[in-house]
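Comments concern the structure below.
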Amino acid sequence: MPNLNTLELEDARITDDFYLALAESASGTMLESIKHYGGPGISAAASEAYAKSICTMPNLKTLELEEVKIADDFFLALKASASGARLESIKHYEGPGISAAASEAYAKSICTMPNLTTLELEEVKIADDFFLALKASASGARVL
């Protein structure tokens with residue numbers, strides 16, 4: 001779908017194959033926005049592929065996650081690929097708790113995204129490591 005610029009997933013039952021295929025084709029997509037609401041948990045391998053795809057989509061500006069059950073691997077992969085992300089806005093609402101290591105990786109990824117200017121976190125259960133890492137890395141962040 002060469003003209004698809006918004007992907008909305010709401011309580012979708014998606015297999016790992018979707019996320020793996022998305023990662024393979026991410027650099028060729030025209031997606032500008034992903035809005036992901038609820039649904040069953042995403043496995044570790046699929047979470048890692050999802051994060052990598054988000055960071056390699058050349059036109060992706062907005063990511064919205066609400067009550068999405070993502071494995072810690074998502075945040076660890078996000079940290080590894082964040083400097084290549086074109087995201088300008090992340091809106092993350094609710095969801096299960098994020099472990100200490102994943103929280104730290106999340107903060108570090110936010111601080112290395114070159115175009116990120118807006119971050120909204122609402123009722124996200126993150127560990128204190130997020131704030132410690134954010135404090136240590138904040139000088140490199142562009143978030144307003």
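By convention in this document, the chains of the structure tokens carry letters A, B, ... by their order, each chain's residues are numbered from 1, and ligands are numbered from 1 in the order they are shown.
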
Quick one: contact table of stretch 50-81 of chain A to stretch 89-99 of chain A, 9 Å max, nearest atom pair and distance in Å to one decimal per residue, counting only C-alpha atoms, chain and number order, as JSON lines?
{"residue": "A:Lys61", "atom": "CA", "partner": "A:Ser89", "partner_atom": "CA", "distance": 6.3}
{"residue": "A:Thr62", "atom": "CA", "partner": "A:Ser89", "partner_atom": "CA", "distance": 4.9}
{"residue": "A:Leu63", "atom": "CA", "partner": "A:Ile90", "partner_atom": "CA", "distance": 4.9}
{"residue": "A:Glu64", "atom": "CA", "partner": "A:Lys91", "partner_atom": "CA", "distance": 4.7}
{"residue": "A:Leu65", "atom": "CA", "partner": "A:His92", "partner_atom": "CA", "distance": 4.8}
{"residue": "A:Glu66", "atom": "CA", "partner": "A:Tyr93", "partner_atom": "CA", "distance": 4.6}
{"residue": "A:Glu67", "atom": "CA", "partner": "A:Gly95", "partner_atom": "CA", "distance": 3.9}
{"residue": "A:Val68", "atom": "CA", "partner": "A:Gly95", "partner_atom": "CA", "distance": 5.7}
{"residue": "A:Lys69", "atom": "CA", "partner": "A:Pro96", "partner_atom": "CA", "distance": 6.2}
{"residue": "A:Ile70", "atom": "CA", "partner": "A:Pro96", "partner_atom": "CA", "distance": 8.3}
{"residue": "A:Ala71", "atom": "CA", "partner": "A:Ile98", "partner_atom": "CA", "distance": 8.4}
{"residue": "A:Asp72", "atom": "CA", "partner": "A:Ile98", "partner_atom": "CA", "distance": 6.9}
{"residue": "A:Phe75", "atom": "CA", "partner": "A:Ile98", "partner_atom": "CA", "distance": 9.0}

* Asked: A:Ser53: which residues within 12 Å, counting only C-alpha atoms, same-chain residues fewer than 2 positions away excluded, as an MDAnalysis selection string?
  -> chainID A and resid 18:29 31 34 46:51 55:60 63 74 77:78 81:82 84:87

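Relative to atom CA of A:Pro2, atom CA of A:Glu120 is found at 29.5 Å.
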
* **d(atom CA of A:Ala138, atom CA of A:Lys108) in Å** =>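 Between atom CA of A:Ala138 and atom CA of A:Lys108 the gap is 8.5 Å.
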
* Asked: What's the 8 Å shell around A:Phe131, counting only C-alpha atoms, without same-chain residues fewer than 3 positions away, as a ChimeraX atom specification?
  -> /A:104,107,127-128,134-135

Keeping only N, CA, C and O atoms, write those residues as a CSV table (one decimal), in the first residue's frame.
chain,number,residue,atom,x,y,z
A,104,GLU,N,15.2,2.4,31.8
A,104,GLU,CA,16.5,3.1,31.6
A,104,GLU,C,16.7,3.2,30.0
A,104,GLU,O,17.1,4.2,29.5
A,107,ALA,N,14.4,5.8,28.5
A,107,ALA,CA,14.9,7.2,28.7
A,107,ALA,C,16.1,7.5,27.8
A,107,ALA,O,16.1,8.6,27.2
A,127,ALA,N,9.9,2.5,35.9
A,127,ALA,CA,10.8,2.4,37.1
A,127,ALA,C,11.6,3.7,37.3
A,127,ALA,O,11.7,4.5,36.4
A,128,ASP,N,12.1,3.9,38.5
A,128,ASP,CA,12.9,5.0,38.8
A,128,ASP,C,14.1,5.2,37.9
A,128,ASP,O,14.6,6.3,37.7
A,134,LEU,N,17.2,9.6,32.5
A,134,LEU,CA,16.8,10.8,31.8
A,134,LEU,C,17.6,12.0,32.3
A,134,LEU,O,18.1,12.8,31.6
A,135,LYS,N,17.8,12.0,33.7
A,135,LYS,CA,18.6,13.1,34.2
A,135,LYS,C,20.1,13.0,33.7
A,135,LYS,O,20.6,14.1,33.3

* Asked: In Å, with one decimal, what is the gap from atom CA of A:Pro40 to atom CA of A:Asp73?
  ->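 Between atom CA of A:Pro40 and atom CA of A:Asp73 the gap works out to 16.0 Å.
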
* Mind listing the alpha helix (DSSP H) residues of stretch 2-112 of chain A, per DSSP on the backbone, as a ChimeraX atom specification? => /A:16-25,44-56,72-81,100-112

Once you have the residues from the selection above, write them out as a compact mmCIF listing (two decimals), in the first residue's frame, restricted to N, CA and C atoms.
# COMPACT_ATOMS: atom_id res chain seq x y z
N ASP A 16 3.17 -12.61 15.43
CA ASP A 16 4.56 -12.14 15.36
C ASP A 16 4.99 -11.88 13.92
N ASP A 17 4.45 -12.65 12.99
CA ASP A 17 4.81 -12.50 11.58
C ASP A 17 4.55 -11.09 11.07
N PHE A 18 3.51 -10.45 11.56
CA PHE A 18 3.20 -9.08 11.14
C PHE A 18 4.35 -8.15 11.51
N TYR A 19 4.82 -8.22 12.76
CA TYR A 19 5.89 -7.32 13.22
C TYR A 19 7.21 -7.63 12.52
N LEU A 20 7.46 -8.90 12.28
CA LEU A 20 8.69 -9.28 11.57
C LEU A 20 8.65 -8.79 10.13
N ALA A 21 7.50 -8.90 9.47
CA ALA A 21 7.35 -8.40 8.10
C ALA A 21 7.44 -6.88 8.06
N LEU A 22 6.88 -6.24 9.07
CA LEU A 22 6.94 -4.78 9.15
C LEU A 22 8.38 -4.31 9.25
N ALA A 23 9.17 -5.00 10.04
CA ALA A 23 10.58 -4.65 10.18
C ALA A 23 11.33 -4.80 8.86
N GLU A 24 10.99 -5.84 8.11
CA GLU A 24 11.66 -6.08 6.83
C GLU A 24 11.34 -5.00 5.80
N SER A 25 10.12 -4.48 5.83
CA SER A 25 9.71 -3.51 4.81
C SER A 25 9.64 -2.07 5.31
N ALA A 44 8.56 -11.10 22.82
CA ALA A 44 9.88 -10.46 22.85
C ALA A 44 10.42 -10.24 21.44
N ALA A 45 10.39 -11.26 20.59
CA ALA A 45 10.92 -11.14 19.23
C ALA A 45 10.11 -10.13 18.42
N ALA A 46 8.80 -10.16 18.55
CA ALA A 46 7.95 -9.22 17.82
C ALA A 46 8.14 -7.80 18.34
N SER A 47 8.33 -7.64 19.65
CA SER A 47 8.55 -6.32 20.24
C SER A 47 9.86 -5.71 19.72
N GLU A 48 10.88 -6.52 19.63
CA GLU A 48 12.17 -6.06 19.11
C GLU A 48 12.03 -5.64 17.64
N ALA A 49 11.34 -6.44 16.84
CA ALA A 49 11.13 -6.12 15.43
C ALA A 49 10.30 -4.85 15.29
N TYR A 50 9.31 -4.67 16.15
CA TYR A 50 8.46 -3.49 16.12
C TYR A 50 9.29 -2.22 16.37
N ALA A 51 10.13 -2.25 17.37
CA ALA A 51 10.97 -1.09 17.68
C ALA A 51 11.92 -0.78 16.53
N LYS A 52 12.52 -1.80 15.97
CA LYS A 52 13.44 -1.58 14.84
C LYS A 52 12.70 -0.98 13.65
N SER A 53 11.50 -1.45 13.39
CA SER A 53 10.74 -0.91 12.26
C SER A 53 10.39 0.55 12.49
N ILE A 54 10.00 0.90 13.70
CA ILE A 54 9.67 2.28 14.05
C ILE A 54 10.87 3.20 13.79
N CYS A 55 12.04 2.72 14.10
CA CYS A 55 13.25 3.54 13.95
C CYS A 55 13.78 3.60 12.52
N THR A 56 13.27 2.76 11.64
CA THR A 56 13.77 2.78 10.26
C THR A 56 12.75 3.29 9.25
N ASP A 72 9.93 -6.07 27.23
CA ASP A 72 11.08 -5.20 27.47
C ASP A 72 11.99 -5.08 26.26
N ASP A 73 12.00 -6.11 25.43
CA ASP A 73 12.85 -6.11 24.24
C ASP A 73 12.56 -4.92 23.32
N PHE A 74 11.33 -4.42 23.37
CA PHE A 74 10.96 -3.26 22.58
C PHE A 74 11.83 -2.06 22.97
N PHE A 75 11.92 -1.80 24.26
CA PHE A 75 12.65 -0.64 24.75
C PHE A 75 14.16 -0.80 24.58
N LEU A 76 14.64 -2.02 24.73
CA LEU A 76 16.06 -2.28 24.53
C LEU A 76 16.44 -2.09 23.06
N ALA A 77 15.61 -2.57 22.15
CA ALA A 77 15.85 -2.39 20.71
C ALA A 77 15.67 -0.93 20.31
N LEU A 78 14.73 -0.25 20.94
CA LEU A 78 14.51 1.16 20.66
C LEU A 78 15.77 1.96 20.99
N LYS A 79 16.38 1.64 22.11
CA LYS A 79 17.61 2.33 22.52
C LYS A 79 18.71 2.12 21.48
N ALA A 80 18.83 0.91 20.98
CA ALA A 80 19.88 0.59 20.02
C ALA A 80 19.69 1.29 18.67
N SER A 81 18.44 1.58 18.31
CA SER A 81 18.15 2.15 16.99
C SER A 81 17.64 3.59 17.02
N ALA A 100 13.06 -2.09 35.27
CA ALA A 100 14.12 -1.10 35.50
C ALA A 100 15.03 -0.96 34.28
N ALA A 101 15.49 -2.09 33.74
CA ALA A 101 16.40 -2.04 32.58
C ALA A 101 15.71 -1.44 31.35
N ALA A 102 14.45 -1.82 31.14
CA ALA A 102 13.69 -1.29 30.00
C ALA A 102 13.39 0.19 30.19
N SER A 103 13.11 0.61 31.43
CA SER A 103 12.85 2.02 31.72
C SER A 103 14.08 2.87 31.43
N GLU A 104 15.24 2.36 31.83
CA GLU A 104 16.49 3.07 31.55
C GLU A 104 16.73 3.17 30.05
N ALA A 105 16.52 2.08 29.34
CA ALA A 105 16.70 2.07 27.88
C ALA A 105 15.73 3.04 27.21
N TYR A 106 14.50 3.11 27.71
CA TYR A 106 13.48 4.01 27.16
C TYR A 106 13.94 5.46 27.29
N ALA A 107 14.41 5.83 28.46
CA ALA A 107 14.89 7.21 28.68
C ALA A 107 16.06 7.54 27.77
N LYS A 108 16.99 6.62 27.66
CA LYS A 108 18.16 6.86 26.82
C LYS A 108 17.77 6.97 25.34
N SER A 109 16.80 6.18 24.92
CA SER A 109 16.36 6.25 23.52
C SER A 109 15.70 7.59 23.24
N ILE A 110 14.91 8.06 24.17
CA ILE A 110 14.24 9.35 24.02
C ILE A 110 15.27 10.47 23.85
N CYS A 111 16.34 10.37 24.60
CA CYS A 111 17.36 11.42 24.56
C CYS A 111 18.24 11.36 23.31
N THR A 112 18.19 10.27 22.56
CA THR A 112 19.03 10.18 21.36
C THR A 112 18.24 10.30 20.06
